[in-house]
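Q: One structure coming up, written as structure tokens, with questions to follow.
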Amino acid sequence: MNNRLYGNLIFELSKEGRKGYSLPKNNFGAYEIPASMKRAEEAQLPECDELTVVRHYTNLSNNNFGVDTGFYPLGSCTMKYNPKINEEMAAQPQFQNLHPQQPADTTKGALALVTLLEKSLCELTGLAHFTFKPYAGAHGELTGLMTIDNYHRSRGDKARKKVIVPDSAHGTNPASAAVCGLEIIEVKSLANGQVDLADLERLVELEGSSISAMMMTNPNTLGLFETRIPEIAKLIHECGGLMYYDGANLNPMLGACRPGDMGFDVMHINLHKTFSTPHGGGGPGAGPVGVREGLQEFFPVVSPYFGNFGVMMRAYAYILSLGREHVKEVGPLAVLNANYIKESLKDVYELPIDTVCCHEFVFDGLKDKSTGVTTMDVAKRLLDYGYHAPTIYFPLLFHESLMIEPTENESKETLDGFIAVMRQIAEEAKTNPDEVKSAPHTTPIGRVDDVLAAKHPVVTYRQLKAEA
Amino acid sequence: MAQFKEGLLYSESHEYIRVEGEFGYIGISDYAQHALGNVVYVDMPDVDDEVTAGEEFGAVESVKAASDLISPVSGTVVEVNEALENEPELLNKDAFANWIIKVQLSDSSELDNLMDAKAYEAFCENA
């Protein structure tokens with residue numbers, strides 16, 4: 001916080017009776033709100049002048065860390081830079097001021113954009129149709145699974161209620177399947193991180209007629225390319241199931257290969273990951289769902305509107321600004337950057353699966369475990385050096401997971417700076433472990449007590465006052 | 001370092017069972033509590049619930065991860081360790097003293113599928 005005063009909670013800055021507005025004299029007489037509609041007690045709102053409010057929130061926003069502030073290597077999330085041209089395009093008033101209830105003959109430009117974006121995504125993924133209604137990746141997963149469920153039921157095949165997910169899957173996969181009323185079966189991974197085909201064969205033999213779909217991410221959660229997709233797809237298709245592609249890790253595939261060509265039938269795309277639209281805490285996102293020819297009639301109605309149009313505009317601006325030629329460089333550059341960091345650090349950080357990775361990779365903590373410095377400590381120490389921490393303790397396959405995804409946007413100088421700091425932290429772990437274990441030291445708030453936060457969260461001012 | 005207590009049986013998903021006659025006390029191993037880190041919540045079944053060998057009967061949540069509890073045996077829950085509701089950290093203090101559920105076993109032959117302390121220690125070393 002730049003200034004302690006404005007860094008206080010807005011409630012603490014409140015002075016009774018202070019206002020940031022003045023209303024004109026009431027010339028219309030009083031209107032008594034019916035008692036049944038009145039709240040029992042006064043709303044406890046902070047009372048501040050406008051300038052205090054502005055300073056408070058401006059100071060607060062200065063504490064934010066985003067991809068526009070610095071390097072943000074958050075594995076599994078593809079925190080890629082959102083080019084400003086996307087914002088310029090989406091801010092055009094002709095589009096920005098559209099209303100969802102506007103007559104269709106006045107929105108033809110917007111509808112054309114949706115169609116053009118659909119065509120682009122079809123070309124990039126090898127699928128035939130997309131729906132843009134889902135508002136987030138997880139919403140897309142649910143929509144995709146509902147599509148598959150509708151398809152099975154349309155054939156009178158009502159017994160297909162089981163979904164196979166790899167044990168390395170994103171947590172949203174089993175969660176979406178459960179919300180869709182489906183049962184989850186886990187297929188094991190081999191030591192090399194890929195799906196265990198023998199275990200899958202066993203499951204298919206055992207459950208074949210009840211399998212609805214198999215959900216996969218490729219590259220998988222370890223950032224490794226699943227090389228056996230054709231065999232996996234064959235097994236699933238032969239037993240009557242469909243293949244679902246979780247588009248969370250689509251980024252490294254851009255321009256290199258297409259889920260539709262590999263045998264996937266249904267997929268979602270996180271536009272906010274691969275197509276450079278803003279990440280929001282659950283929104284504003286978009287999780288369009290693509291299907292192979294023939295499945296589009298089974299799309300469920302998950303929203304009355306066309307979806308998150310501003311996000312679609314940004315994604316389309318991104319695709320057009322790269323063009324067919326340069327979109328092909330996204331995947332290879334993302335892969336190159338990830339491998340460069342991995343190779344530069346694997347002598348000091350534990351690399352459990354030492355192979356060429358795709359867009360991201362996972363370390364299992366520091367190589368030298370004798371110092372007692374954990375992945376959590378390394379992540380906290382990175383904050384002191386001005387980097388956003390990578391994803392930690394995920395995936396669960398390792399105890400000290402540290403998952404790094406640099407994306408294609410970063411320069412060699414940025415990557416070298418990050419590598420140098422990661423090496424320095426590894427050195428500090430040996431020479432000055434307490435400094436690392438008590439990090440961060442330079443952030444507005446130091447090491448937080450996550451046990452207390454999880455067990456006894458204080459999230460409102462009222463609670464805070466009651467505690468005091 | 002993690003303790004591997006003798007006299008208990010262990011599963012590959014890191015639960016232990018201490019068998020006393022027709023009853024078994026089920027908890028998570030010391031190795032598991034080390035791996036999980038600070039436990040902040042334990043989701044337990046109710047008394048009289050049925051549990052099935054190899055299937056989930058609850059979950060343990062730590063600051064790092066939420067992890068399903070997989071029952072090593074089939075049977076009926078006759079008691080749950082209510083102390084864990086308010087003090088889930090007891091699992092970190094002593095995972096073996098603080099069992100999670102007490103089960104009446106329905107098929108004691110299932111115990112043959114579990115590991116003894118030595119086998120489990122070797123299993124963890126290779127994990």
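If you're wondering about the labels, chains in the structure tokens are A, B, ... by order shown, residues count from 1 in each chain, ligands from 1 in order shown.
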Name the residues in contact with Asp68 (chain A) at a cut-off of 10 Å, using only C-alpha atoms, excluding same-chain residues fewer than 6 positions from it; report them as a ChimeraX atom specification.
A: /A:80-83
Q: Using the selection just defined, write its residues with N, CA and C atoms as a PDB file, in the first residue's frame.
A:
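Written out: again-v2.pdb:
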```
ATOM      1  N   LYS A  80      -1.612 -15.839 -20.630  1.00  0.00           N
ATOM      2  CA  LYS A  80      -0.895 -15.132 -21.678  1.00  0.00           C
ATOM      3  C   LYS A  80      -1.332 -13.670 -21.746  1.00  0.00           C
ATOM      4  N   TYR A  81      -0.434 -12.894 -22.336  1.00  0.00           N
ATOM      5  CA  TYR A  81      -0.686 -11.457 -22.498  1.00  0.00           C
ATOM      6  C   TYR A  81      -1.949 -11.267 -23.350  1.00  0.00           C
ATOM      7  N   ASN A  82      -2.754 -10.278 -22.974  1.00  0.00           N
ATOM      8  CA  ASN A  82      -3.954  -9.933 -23.745  1.00  0.00           C
ATOM      9  C   ASN A  82      -3.638  -8.688 -24.575  1.00  0.00           C
ATOM     10  N   PRO A  83      -3.349  -8.851 -25.857  1.00  0.00           N
ATOM     11  CA  PRO A  83      -2.937  -7.701 -26.659  1.00  0.00           C
ATOM     12  C   PRO A  83      -3.981  -6.580 -26.608  1.00  0.00           C
TER      13      PRO A  83
END
```
Q: I'd like the neighbourhood of region 53-55 of chain B as a ChimeraX atom specification, where a residue qualifies if any of its atoms comes within 9 Å (using only C-alpha atoms), though same-chain residues fewer than 3 positions away should be ignored.
A: /B:13,69-75,110
Q: Limited to N, CA and C atoms, could you put the picked residues into a file as a CSV table (one decimal), in the first residue's frame?
A:
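So part38.csv came out as:
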```
chain,number,residue,atom,x,y,z
B,13,SER,N,-3.8,-46.4,-1.0
B,13,SER,CA,-4.3,-45.0,-0.9
B,13,SER,C,-4.0,-44.4,0.4
B,69,LEU,N,-11.0,-40.1,1.1
B,69,LEU,CA,-10.7,-41.2,2.0
B,69,LEU,C,-11.3,-42.4,1.4
B,70,ILE,N,-10.4,-43.4,1.2
B,70,ILE,CA,-10.9,-44.7,0.6
B,70,ILE,C,-10.9,-45.8,1.6
B,71,SER,N,-12.0,-46.4,1.7
B,71,SER,CA,-12.1,-47.4,2.8
B,71,SER,C,-11.3,-48.7,2.4
B,72,PRO,N,-10.5,-49.2,3.3
B,72,PRO,CA,-9.7,-50.4,3.0
B,72,PRO,C,-10.6,-51.7,3.1
B,73,VAL,N,-11.7,-51.5,3.8
B,73,VAL,CA,-12.6,-52.7,4.0
B,73,VAL,C,-14.1,-52.3,3.8
B,74,SER,N,-14.9,-53.4,3.7
B,74,SER,CA,-16.4,-53.1,3.6
B,74,SER,C,-17.0,-53.3,5.0
B,75,GLY,N,-18.0,-52.6,5.3
B,75,GLY,CA,-18.7,-52.8,6.6
B,75,GLY,C,-19.6,-51.7,6.9
B,110,GLU,N,-11.1,-59.4,3.2
B,110,GLU,CA,-10.6,-58.3,2.5
B,110,GLU,C,-9.3,-57.8,3.1
```
Q: Tell me, as a PyMOL selection string, which residues lie within 12 Å of region 409-414 of chain A, counting only C-alpha atoms; anything in the same chain fewer than 6 positions away does not count.
A: chain A and resi 67-68+70-73+78-83+251+274+276+329-338+340-341+359+386-387+420-421
Q: Save the residues we just selected, N, CA and C atoms, as a CSV table (one decimal), in the first residue's frame?
A:
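Done, and the output landed in part-v5.csv:
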```csv
chain,number,residue,atom,x,y,z
A,67,VAL,N,-0.5,-9.8,-15.6
A,67,VAL,CA,0.4,-10.1,-16.7
A,67,VAL,C,0.9,-8.8,-17.3
A,68,ASP,N,0.2,-7.7,-17.1
A,68,ASP,CA,0.7,-6.4,-17.6
A,68,ASP,C,1.7,-5.8,-16.6
A,70,GLY,N,4.0,-8.0,-14.6
A,70,GLY,CA,5.2,-8.8,-14.6
A,70,GLY,C,5.0,-10.2,-15.1
A,71,PHE,N,6.0,-11.0,-15.0
A,71,PHE,CA,6.0,-12.4,-15.5
A,71,PHE,C,5.0,-13.2,-14.6
A,72,TYR,N,4.2,-14.0,-15.2
A,72,TYR,CA,3.1,-14.7,-14.5
A,72,TYR,C,3.0,-16.1,-14.9
A,73,PRO,N,4.0,-17.0,-14.5
A,73,PRO,CA,4.1,-18.3,-15.1
A,73,PRO,C,3.2,-19.4,-14.4
A,78,THR,N,-2.5,-20.8,-18.5
A,78,THR,CA,-2.1,-20.1,-19.7
A,78,THR,C,-2.4,-18.6,-19.5
A,79,MET,N,-1.7,-18.0,-18.6
A,79,MET,CA,-1.9,-16.5,-18.3
A,79,MET,C,-1.1,-15.7,-19.4
A,80,LYS,N,-1.6,-15.8,-20.6
A,80,LYS,CA,-0.9,-15.1,-21.7
A,80,LYS,C,-1.3,-13.7,-21.7
A,81,TYR,N,-0.4,-12.9,-22.3
A,81,TYR,CA,-0.7,-11.5,-22.5
A,81,TYR,C,-1.9,-11.3,-23.4
A,82,ASN,N,-2.8,-10.3,-23.0
A,82,ASN,CA,-4.0,-9.9,-23.7
A,82,ASN,C,-3.6,-8.7,-24.6
A,83,PRO,N,-3.3,-8.9,-25.9
A,83,PRO,CA,-2.9,-7.7,-26.7
A,83,PRO,C,-4.0,-6.6,-26.6
A,251,ASN,N,-3.3,-24.4,-26.0
A,251,ASN,CA,-2.3,-23.5,-26.5
A,251,ASN,C,-1.2,-24.1,-27.3
A,274,THR,N,-6.3,-19.7,-24.3
A,274,THR,CA,-5.6,-19.8,-25.6
A,274,THR,C,-5.8,-18.6,-26.5
A,276,SER,N,-6.4,-15.4,-25.6
A,276,SER,CA,-5.9,-14.1,-25.0
A,276,SER,C,-7.0,-13.1,-24.6
A,329,GLU,N,2.6,-20.2,-35.1
A,329,GLU,CA,3.8,-20.1,-34.3
A,329,GLU,C,3.5,-20.1,-32.8
A,330,VAL,N,2.2,-19.9,-32.4
A,330,VAL,CA,1.9,-19.8,-31.0
A,330,VAL,C,2.3,-21.1,-30.2
A,331,GLY,N,1.9,-22.2,-30.7
A,331,GLY,CA,2.2,-23.5,-30.0
A,331,GLY,C,3.7,-23.7,-29.9
A,332,PRO,N,4.4,-23.7,-31.0
A,332,PRO,CA,5.8,-24.0,-31.0
A,332,PRO,C,6.6,-23.1,-30.1
A,333,LEU,N,6.3,-21.8,-30.1
A,333,LEU,CA,7.0,-20.9,-29.2
A,333,LEU,C,6.7,-21.1,-27.7
A,334,ALA,N,5.4,-21.4,-27.4
A,334,ALA,CA,5.1,-21.7,-26.0
A,334,ALA,C,5.9,-22.9,-25.6
A,335,VAL,N,6.0,-23.9,-26.4
A,335,VAL,CA,6.7,-25.2,-26.1
A,335,VAL,C,8.2,-24.9,-25.9
A,336,LEU,N,8.8,-24.0,-26.8
A,336,LEU,CA,10.2,-23.7,-26.7
A,336,LEU,C,10.5,-23.0,-25.4
A,337,ASN,N,9.6,-22.0,-25.0
A,337,ASN,CA,9.9,-21.3,-23.8
A,337,ASN,C,9.8,-22.2,-22.6
A,338,ALA,N,8.9,-23.1,-22.5
A,338,ALA,CA,8.7,-24.0,-21.4
A,338,ALA,C,9.9,-24.9,-21.3
A,340,TYR,N,12.9,-24.3,-22.4
A,340,TYR,CA,14.1,-23.5,-22.1
A,340,TYR,C,14.2,-23.4,-20.5
A,341,ILE,N,13.1,-23.0,-19.9
A,341,ILE,CA,13.2,-22.9,-18.4
A,341,ILE,C,13.4,-24.2,-17.8
A,359,HIS,N,3.7,-27.0,-23.3
A,359,HIS,CA,3.6,-25.6,-22.9
A,359,HIS,C,4.0,-25.4,-21.4
A,386,GLY,N,9.4,-10.1,-7.3
A,386,GLY,CA,8.5,-9.4,-8.3
A,386,GLY,C,8.0,-10.3,-9.3
A,387,TYR,N,7.9,-11.6,-9.0
A,387,TYR,CA,7.3,-12.6,-10.0
A,387,TYR,C,6.0,-13.1,-9.3
A,420,ALA,N,17.4,-16.9,-13.4
A,420,ALA,CA,18.4,-16.5,-12.5
A,420,ALA,C,17.8,-16.4,-11.0
A,421,VAL,N,16.6,-15.9,-10.9
A,421,VAL,CA,16.0,-15.8,-9.6
A,421,VAL,C,15.7,-17.1,-9.0
```
Q: By how many Å are CA of Gly290 (chain A) and CA of Gly255 (chain A) apart?
A: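 A separation of 17.4 Å between them.
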Q: Show me a table, sorted first by chain and then by increasing residue number, of the residues of chain B having an atom at most 7 Å from chain A, each with its shortest atom pair and the distance in Å to one decimal, counting only C-alpha atoms and written as a tab-separated table.
A:
```
residue	atom	partner	partner_atom	distance
B:Ala35	CA	A:His399	CA	6.1
B:Asn38	CA	A:Val451	CA	6.6
B:Val40	CA	A:Lys455	CA	5.8
B:Val63	CA	A:Val451	CA	6.4
B:Lys64	CA	A:Tyr393	CA	6.0
```
Q: Mind listing the strand (DSSP E) residues of region 135-301 of chain A, per DSSP on the backbone, as an MDAnalysis selection string?
A: chainID A and resid 162:166 183:187 211:217 242:246 266:268 289:291
Q: Output C-alpha atoms of each residue in that selection to a file, as a CSV table (one decimal), in the first residue's frame.
A:
```
chain,number,residue,atom,x,y,z
A,162,LYS,CA,-19.9,-43.4,-16.6
A,163,VAL,CA,-17.2,-41.0,-17.6
A,164,ILE,CA,-13.5,-42.1,-17.6
A,165,VAL,CA,-11.0,-39.5,-16.5
A,166,PRO,CA,-7.3,-39.9,-16.1
A,183,GLU,CA,-20.3,-41.4,-12.5
A,184,ILE,CA,-16.6,-41.0,-12.6
A,185,ILE,CA,-14.1,-43.8,-13.2
A,186,GLU,CA,-10.4,-43.1,-12.9
A,187,VAL,CA,-7.9,-44.5,-15.3
A,211,ILE,CA,-19.3,-45.7,-20.7
A,212,SER,CA,-20.6,-42.4,-21.9
A,213,ALA,CA,-17.3,-40.7,-22.6
A,214,MET,CA,-13.7,-40.3,-21.9
A,215,MET,CA,-12.4,-36.9,-20.9
A,216,MET,CA,-8.8,-36.0,-21.7
A,217,THR,CA,-6.5,-33.0,-21.7
A,242,LEU,CA,-17.4,-40.5,-27.2
A,243,MET,CA,-14.1,-38.7,-26.7
A,244,TYR,CA,-14.2,-35.3,-24.9
A,245,TYR,CA,-11.3,-32.9,-25.2
A,246,ASP,CA,-10.7,-30.5,-22.4
A,266,VAL,CA,-16.6,-32.9,-28.3
A,267,MET,CA,-14.4,-30.2,-26.8
A,268,HIS,CA,-14.5,-26.9,-25.0
A,289,VAL,CA,-18.1,-26.1,-27.1
A,290,GLY,CA,-17.2,-27.7,-30.4
A,291,VAL,CA,-18.5,-31.0,-31.8
```
